[in-house]
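Colleague: Quick one: structure below, then a few questions.
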Amino acid sequence: MIYTLHVNGEWHRVDDDGQTPLLWVLRDALRLTGTKYGCGKAQCGACTVHLDGRPVRSCSVALADAAGAQIGTIEAVGGAEADAVTEAWVARGVPQCGFCQSGQVMSAVALLRSNPAPTDQDIDLAMSGNLCRCATYPRIRAGIHDAAAALGASRS
Ligand code: FES
Ligand code: FES
């Protein structure tokens, strides 16, 4: 069956089974390989994308359920929050192996868009679904605080 997906501001027609995970459509059909496969069971967060602005695990979203929604991936994430997170990630040297980091960034950006001044508790809660085998958690938390501070400074 043919589904119409709106990904990173562009429409795509995808001919596939409606139960195919969105992750496979993004990676295999649309060649957006920045979104990673980790567990395939909504347990690790490596596959996090934005669906109508919410962070979701694309390994566990069916193609049929994503049709018509606004889908955003790491390749095109933008705006003040994404810029602030990117700068903080570079300044802090957040990534180690990097495998989990596209998912981490997508969750961090979604957090800052909904909560511009998160506490440690807010950060830990929002990022709890994003695992990192390299244990970069302290730098992720510090990076989000840095990004929030930069966003606050740019608004004042
Ligand atoms: S690959 Fe989707 S949550 Fe792990
Ligand atoms: S940086 Fe290696 S898994 Fe997170």
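Naming works like this for the structure tokens: A, B, ... for the chains as they're shown, residue 1 at the start of each chain, ligands 1 onward in shown order.
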Hey, what's within 6 Å of A:Ala147 if we count only C-alpha atoms and toss same-chain stuff fewer than 3 positions away? As a PyMOL selection string, please?
Modeller: chain A and resi 84-85+88+144+150
Colleague: Please dump the current selection as a compact mmCIF listing (two decimals), in the first residue's frame; keep all heavy atoms.
Modeller:
# COMPACT_ATOMS: atom_id res chain seq x y z
N ALA A 84 21.59 25.47 19.87
CA ALA A 84 22.18 25.54 21.21
C ALA A 84 22.68 24.18 21.67
O ALA A 84 23.76 24.06 22.27
CB ALA A 84 21.15 26.10 22.20
N VAL A 85 21.91 23.13 21.39
CA VAL A 85 22.33 21.78 21.77
C VAL A 85 23.59 21.39 21.00
O VAL A 85 24.55 20.86 21.57
CB VAL A 85 21.19 20.76 21.53
CG1 VAL A 85 21.69 19.33 21.60
CG2 VAL A 85 20.07 20.98 22.55
N ALA A 88 26.58 23.19 22.43
CA ALA A 88 26.93 22.65 23.75
C ALA A 88 27.57 21.28 23.62
O ALA A 88 28.54 20.96 24.32
CB ALA A 88 25.68 22.58 24.63
N ILE A 144 22.88 19.97 28.25
CA ILE A 144 21.51 20.52 28.20
C ILE A 144 21.42 21.78 29.06
O ILE A 144 20.79 22.77 28.65
CB ILE A 144 20.49 19.44 28.63
CG1 ILE A 144 20.43 18.34 27.58
CG2 ILE A 144 19.10 20.06 28.83
CD1 ILE A 144 19.58 17.14 27.96
N ALA A 150 22.34 29.21 27.27
CA ALA A 150 22.58 29.98 26.03
C ALA A 150 21.27 30.48 25.45
O ALA A 150 21.19 31.63 24.97
CB ALA A 150 23.33 29.11 25.03
Colleague: So which residues are near ligand 2, meaning at most 10 Å away with only C-alpha atoms and all ligand atoms counted, given back as a ChimeraX atom specification?
Modeller: /A:38,44,46,94-104,130-137,140
Colleague: Show me, as a tab-separated table, the residues of chain A having an atom within 8 Å of ligand 1, each with the closest atom pair and its distance in Å, using only C-alpha atoms and all ligand atoms.
Modeller:
residue	atom	partner	partner_atom_place_in_ligand_line	distance
A:Leu23	CA	ligand 1	2 (Fe)	7.8
A:Lys36	CA	ligand 1	1 (S)	6.6
A:Tyr37	CA	ligand 1	1 (S)	4.2
A:Gly38	CA	ligand 1	1 (S)	3.9
A:Cys39	CA	ligand 1	4 (Fe)	3.8
A:Gly40	CA	ligand 1	1 (S)	4.0
A:Lys41	CA	ligand 1	3 (S)	5.5
A:Ala42	CA	ligand 1	3 (S)	3.3
A:Gln43	CA	ligand 1	3 (S)	4.4
A:Cys44	CA	ligand 1	4 (Fe)	3.8
A:Gly45	CA	ligand 1	3 (S)	4.0
A:Ala46	CA	ligand 1	4 (Fe)	5.2
A:Cys47	CA	ligand 1	2 (Fe)	4.4
A:Thr48	CA	ligand 1	2 (Fe)	6.7
A:Arg57	CA	ligand 1	2 (Fe)	4.9
A:Ser58	CA	ligand 1	2 (Fe)	5.9
A:Cys59	CA	ligand 1	2 (Fe)	4.3
A:Ser60	CA	ligand 1	2 (Fe)	6.4
A:Gly129	CA	ligand 1	3 (S)	7.8
A:Asn130	CA	ligand 1	3 (S)	7.8
Colleague: Could you find all residues in chain A that DSSP calls strand (DSSP E) from the backbone, and write them as a list in words?
Modeller: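 Of chain A, only Ile2, Tyr3, Thr4, Leu5, His6, Val7, Glu10, Trp11, His12, Arg13, Val14, Asp15, Thr48, Val49, His50, Leu51, Arg54, Pro55, Val56, Arg57, Gln70, Ile71 and Gly72 of chain A fall in strand (DSSP E).
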Colleague: Store the residues picked out above in a file with N, CA and C atoms, as a short mmCIF file (atom, residue, chain, number, x, y, z; two decimals), in the first residue's frame.
Modeller:
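Here's the written file part-v6.cif:
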data_model
loop_
_atom_site.label_atom_id
_atom_site.label_comp_id
_atom_site.auth_asym_id
_atom_site.auth_seq_id
_atom_site.Cartn_x
_atom_site.Cartn_y
_atom_site.Cartn_z
N ILE A 2 0.40 2.29 -0.62
CA ILE A 2 1.20 3.52 -0.69
C ILE A 2 0.79 4.47 0.44
N TYR A 3 1.78 4.95 1.17
CA TYR A 3 1.57 5.92 2.25
C TYR A 3 2.32 7.19 1.90
N THR A 4 1.78 8.31 2.39
CA THR A 4 2.42 9.60 2.18
C THR A 4 3.00 10.08 3.50
N LEU A 5 4.31 10.30 3.49
CA LEU A 5 5.00 10.74 4.70
C LEU A 5 5.54 12.14 4.51
N HIS A 6 5.45 12.93 5.56
CA HIS A 6 6.01 14.28 5.53
C HIS A 6 7.24 14.27 6.43
N VAL A 7 8.41 14.24 5.80
CA VAL A 7 9.66 14.09 6.55
C VAL A 7 10.57 15.28 6.26
N GLU A 10 9.48 17.67 3.58
CA GLU A 10 9.20 17.21 2.22
C GLU A 10 8.24 16.02 2.25
N TRP A 11 7.39 15.93 1.23
CA TRP A 11 6.48 14.80 1.11
C TRP A 11 7.15 13.67 0.36
N HIS A 12 6.88 12.44 0.86
CA HIS A 12 7.41 11.24 0.21
C HIS A 12 6.29 10.22 0.08
N ARG A 13 6.26 9.51 -1.04
CA ARG A 13 5.33 8.39 -1.22
C ARG A 13 6.11 7.10 -0.98
N VAL A 14 5.60 6.30 -0.08
CA VAL A 14 6.31 5.07 0.30
C VAL A 14 5.37 3.89 0.08
N ASP A 15 5.82 2.91 -0.69
CA ASP A 15 5.03 1.70 -0.97
C ASP A 15 5.55 0.58 -0.08
N THR A 48 15.30 7.72 18.06
CA THR A 48 14.37 8.80 18.37
C THR A 48 14.26 9.81 17.23
N VAL A 49 13.03 10.10 16.84
CA VAL A 49 12.73 11.17 15.87
C VAL A 49 11.59 12.00 16.47
N HIS A 50 11.27 13.08 15.80
CA HIS A 50 10.13 13.90 16.24
C HIS A 50 8.91 13.57 15.38
N LEU A 51 7.79 13.34 16.06
CA LEU A 51 6.51 13.08 15.37
C LEU A 51 5.54 14.14 15.87
N ARG A 54 6.83 15.68 19.01
CA ARG A 54 7.11 14.84 20.18
C ARG A 54 8.23 13.85 19.86
N PRO A 55 9.11 13.61 20.83
CA PRO A 55 10.12 12.56 20.59
C PRO A 55 9.48 11.19 20.68
N VAL A 56 9.68 10.37 19.66
CA VAL A 56 9.13 9.01 19.65
C VAL A 56 10.22 8.04 19.22
N ARG A 57 10.02 6.77 19.55
CA ARG A 57 10.96 5.72 19.14
C ARG A 57 10.49 5.18 17.79
N GLN A 70 3.92 15.22 10.94
CA GLN A 70 5.16 15.95 10.67
C GLN A 70 6.29 15.16 11.33
N ILE A 71 7.16 14.60 10.52
CA ILE A 71 8.27 13.78 11.03
C ILE A 71 9.55 14.57 10.87
N GLY A 72 10.33 14.63 11.95
CA GLY A 72 11.62 15.32 11.89
C GLY A 72 12.73 14.38 12.30
#
Colleague: Could you give me, as a ChimeraX atom specification, the residues within 6 Å of stretch 106-117 of chain A, counting only C-alpha atoms and dropping anything in the same chain fewer than 5 positions from it?
Modeller: /A:55,81-82,148
Colleague: Please, could you write that set of residues out with N, CA and C atoms as a tab-separated table (two decimals), in the first residue's frame?
Modeller:
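And here's again.tsv as it stands now:
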chain	number	residue	atom	x	y	z
A	55	PRO	N	9.11	13.61	20.83
A	55	PRO	CA	10.12	12.56	20.59
A	55	PRO	C	9.48	11.19	20.68
A	81	GLU	N	16.87	25.90	19.55
A	81	GLU	CA	17.18	24.82	20.49
A	81	GLU	C	18.21	23.84	19.90
A	82	ALA	N	18.01	23.49	18.65
A	82	ALA	CA	18.95	22.56	18.01
A	82	ALA	C	20.33	23.19	17.89
A	148	ALA	N	20.41	25.40	27.62
A	148	ALA	CA	19.32	26.19	28.22
A	148	ALA	C	19.82	27.57	28.61
